[in-house]
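As structure tokens, the structure follows; a few thoughts come after it.
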Amino acid sequence: MIKLTRIDGTEFYLNPDLFEVLEASHDTHITLTNGHRYVCQESPDTIIERIAEFRRKSIGAIRRSA
């Protein structure tokens with residue numbers, strides 16, 4: 001899960017495995033594979049960095065347990 005910030009400043013977490021579309025306008029809009037949409041303050045570049053870090057941590061945990 002990655003931490004994101006809503007427009008009103010509240011934080012929430014999303015599973016990046018469910019991301020289908022990441023759109024940049026004034027805010028960033030995320031559409032999930034189930035059709036749910038979210039709007040957040042972070043830029044697409046920041047979200048992509050967080051997804052990469054999430055995946056690095058996940059792969060590292062798998063390698064350590066193997």
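Ligands are numbered from 1 in the order shown, chains are lettered A, B, ... in the order of the structure tokens, and residues start at 1 in each chain.
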
Among chain A, which ones does DSSP place in alpha helix (DSSP H), written as a list of chain:residue names? A:Pro44, A:Asp45, A:Thr46, A:Ile47, A:Ile48, A:Glu49, A:Arg50, A:Ile51, A:Ala52, A:Glu53, A:Phe54, A:Arg55, A:Arg56, A:Lys57, A:Ser58, A:Ile59, A:Gly60, A:Ala61, A:Ile62, A:Arg63, A:Arg64, A:Ser65

Restrict the selected residues to N, CA and C atoms and save them as a PDB file, in the first residue's frame.
ATOM      1  N   PRO A  44       1.956  12.724 -10.380  1.00  0.00           N
ATOM      2  CA  PRO A  44       2.167  11.372 -10.897  1.00  0.00           C
ATOM      3  C   PRO A  44       3.603  10.887 -10.679  1.00  0.00           C
ATOM      4  N   ASP A  45       4.595  11.762 -10.833  1.00  0.00           N
ATOM      5  CA  ASP A  45       5.989  11.355 -10.627  1.00  0.00           C
ATOM      6  C   ASP A  45       6.222  10.889  -9.193  1.00  0.00           C
ATOM      7  N   THR A  46       5.643  11.594  -8.224  1.00  0.00           N
ATOM      8  CA  THR A  46       5.781  11.203  -6.820  1.00  0.00           C
ATOM      9  C   THR A  46       5.108   9.863  -6.578  1.00  0.00           C
ATOM     10  N   ILE A  47       3.941   9.665  -7.154  1.00  0.00           N
ATOM     11  CA  ILE A  47       3.216   8.400  -6.985  1.00  0.00           C
ATOM     12  C   ILE A  47       4.013   7.258  -7.596  1.00  0.00           C
ATOM     13  N   ILE A  48       4.582   7.472  -8.762  1.00  0.00           N
ATOM     14  CA  ILE A  48       5.397   6.435  -9.407  1.00  0.00           C
ATOM     15  C   ILE A  48       6.608   6.089  -8.545  1.00  0.00           C
ATOM     16  N   GLU A  49       7.237   7.078  -7.947  1.00  0.00           N
ATOM     17  CA  GLU A  49       8.361   6.818  -7.038  1.00  0.00           C
ATOM     18  C   GLU A  49       7.906   5.985  -5.845  1.00  0.00           C
ATOM     19  N   ARG A  50       6.752   6.298  -5.285  1.00  0.00           N
ATOM     20  CA  ARG A  50       6.233   5.535  -4.137  1.00  0.00           C
ATOM     21  C   ARG A  50       5.893   4.104  -4.523  1.00  0.00           C
ATOM     22  N   ILE A  51       5.363   3.928  -5.735  1.00  0.00           N
ATOM     23  CA  ILE A  51       5.074   2.570  -6.211  1.00  0.00           C
ATOM     24  C   ILE A  51       6.369   1.784  -6.366  1.00  0.00           C
ATOM     25  N   ALA A  52       7.395   2.405  -6.937  1.00  0.00           N
ATOM     26  CA  ALA A  52       8.687   1.726  -7.109  1.00  0.00           C
ATOM     27  C   ALA A  52       9.269   1.333  -5.756  1.00  0.00           C
ATOM     28  N   GLU A  53       9.194   2.223  -4.773  1.00  0.00           N
ATOM     29  CA  GLU A  53       9.699   1.920  -3.428  1.00  0.00           C
ATOM     30  C   GLU A  53       8.895   0.780  -2.802  1.00  0.00           C
ATOM     31  N   PHE A  54       7.577   0.796  -2.969  1.00  0.00           N
ATOM     32  CA  PHE A  54       6.707  -0.272  -2.478  1.00  0.00           C
ATOM     33  C   PHE A  54       7.124  -1.615  -3.078  1.00  0.00           C
ATOM     34  N   ARG A  55       7.382  -1.623  -4.371  1.00  0.00           N
ATOM     35  CA  ARG A  55       7.782  -2.870  -5.046  1.00  0.00           C
ATOM     36  C   ARG A  55       9.169  -3.333  -4.593  1.00  0.00           C
ATOM     37  N   ARG A  56      10.106  -2.382  -4.421  1.00  0.00           N
ATOM     38  CA  ARG A  56      11.437  -2.757  -3.929  1.00  0.00           C
ATOM     39  C   ARG A  56      11.338  -3.406  -2.556  1.00  0.00           C
ATOM     40  N   LYS A  57      10.524  -2.833  -1.683  1.00  0.00           N
ATOM     41  CA  LYS A  57      10.353  -3.406  -0.340  1.00  0.00           C
ATOM     42  C   LYS A  57       9.696  -4.776  -0.412  1.00  0.00           C
ATOM     43  N   SER A  58       8.714  -4.928  -1.285  1.00  0.00           N
ATOM     44  CA  SER A  58       8.017  -6.206  -1.425  1.00  0.00           C
ATOM     45  C   SER A  58       8.954  -7.291  -1.926  1.00  0.00           C
ATOM     46  N   ILE A  59       9.735  -6.987  -2.954  1.00  0.00           N
ATOM     47  CA  ILE A  59      10.686  -7.960  -3.516  1.00  0.00           C
ATOM     48  C   ILE A  59      11.758  -8.292  -2.489  1.00  0.00           C
ATOM     49  N   GLY A  60      12.230  -7.279  -1.754  1.00  0.00           N
ATOM     50  CA  GLY A  60      13.232  -7.524  -0.715  1.00  0.00           C
ATOM     51  C   GLY A  60      12.721  -8.455   0.354  1.00  0.00           C
ATOM     52  N   ALA A  61      11.468  -8.295   0.742  1.00  0.00           N
ATOM     53  CA  ALA A  61      10.890  -9.169   1.755  1.00  0.00           C
ATOM     54  C   ALA A  61      10.765 -10.600   1.250  1.00  0.00           C
ATOM     55  N   ILE A  62      10.426 -10.755  -0.013  1.00  0.00           N
ATOM     56  CA  ILE A  62      10.310 -12.092  -0.607  1.00  0.00           C
ATOM     57  C   ILE A  62      11.690 -12.754  -0.654  1.00  0.00           C
ATOM     58  N   ARG A  63      12.700 -11.998  -1.060  1.00  0.00           N
ATOM     59  CA  ARG A  63      14.056 -12.562  -1.160  1.00  0.00           C
ATOM     60  C   ARG A  63      14.589 -12.968   0.201  1.00  0.00           C
ATOM     61  N   ARG A  64      14.299 -12.154   1.240  1.00  0.00           N
ATOM     62  CA  ARG A  64      14.778 -12.478   2.585  1.00  0.00           C
ATOM     63  C   ARG A  64      14.114 -13.724   3.151  1.00  0.00           C
ATOM     64  N   SER A  65      12.856 -13.972   2.747  1.00  0.00           N
ATOM     65  CA  SER A  65      12.144 -15.122   3.299  1.00  0.00           C
ATOM     66  C   SER A  65      12.444 -16.403   2.531  1.00  0.00           C
TER      67      SER A  65
END

Do a neighbour search on Arg6 in chain A at 7 Å with only C-alpha atoms, toss out local chain neighbours closer than 2 positions, and write the hits as number ranges by chain. A: 4, 8-11, 39-41

Give the strand (DSSP E or B) residues of chain A, as assigned by DSSP on the backbone, as a VMD selection string. chain A and resid 2 to 5 11 to 14 19 to 24 28 to 32 37 to 40

Dump C-alpha atoms for the selected residues as a tab-separated table (two decimals), in the first residue's frame?
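Saved result, again.tsv, follows:
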chain	number	residue	atom	x	y	z
A	2	ILE	CA	1.18	3.52	-0.70
A	3	LYS	CA	0.22	6.62	1.29
A	4	LEU	CA	-1.48	9.45	-0.57
A	5	THR	CA	-3.11	12.74	0.42
A	11	GLU	CA	-4.18	10.74	4.20
A	12	PHE	CA	-5.25	7.41	2.76
A	13	TYR	CA	-3.62	4.27	1.41
A	14	LEU	CA	-4.11	2.57	-1.96
A	19	PHE	CA	-4.12	1.10	-10.51
A	20	GLU	CA	-5.42	1.19	-14.05
A	21	VAL	CA	-5.03	4.88	-15.00
A	22	LEU	CA	-3.04	7.72	-13.45
A	23	GLU	CA	-4.03	11.12	-14.86
A	24	ALA	CA	-2.48	14.51	-14.22
A	28	THR	CA	-3.93	13.75	-9.84
A	29	HIS	CA	-6.77	11.35	-10.64
A	30	ILE	CA	-6.34	7.61	-10.09
A	31	THR	CA	-8.73	5.06	-11.57
A	32	LEU	CA	-8.59	1.53	-10.19
A	37	ARG	CA	-11.69	6.90	-8.75
A	38	TYR	CA	-9.55	8.86	-6.32
A	39	VAL	CA	-8.15	12.39	-6.42
A	40	CYS	CA	-4.93	13.21	-4.60
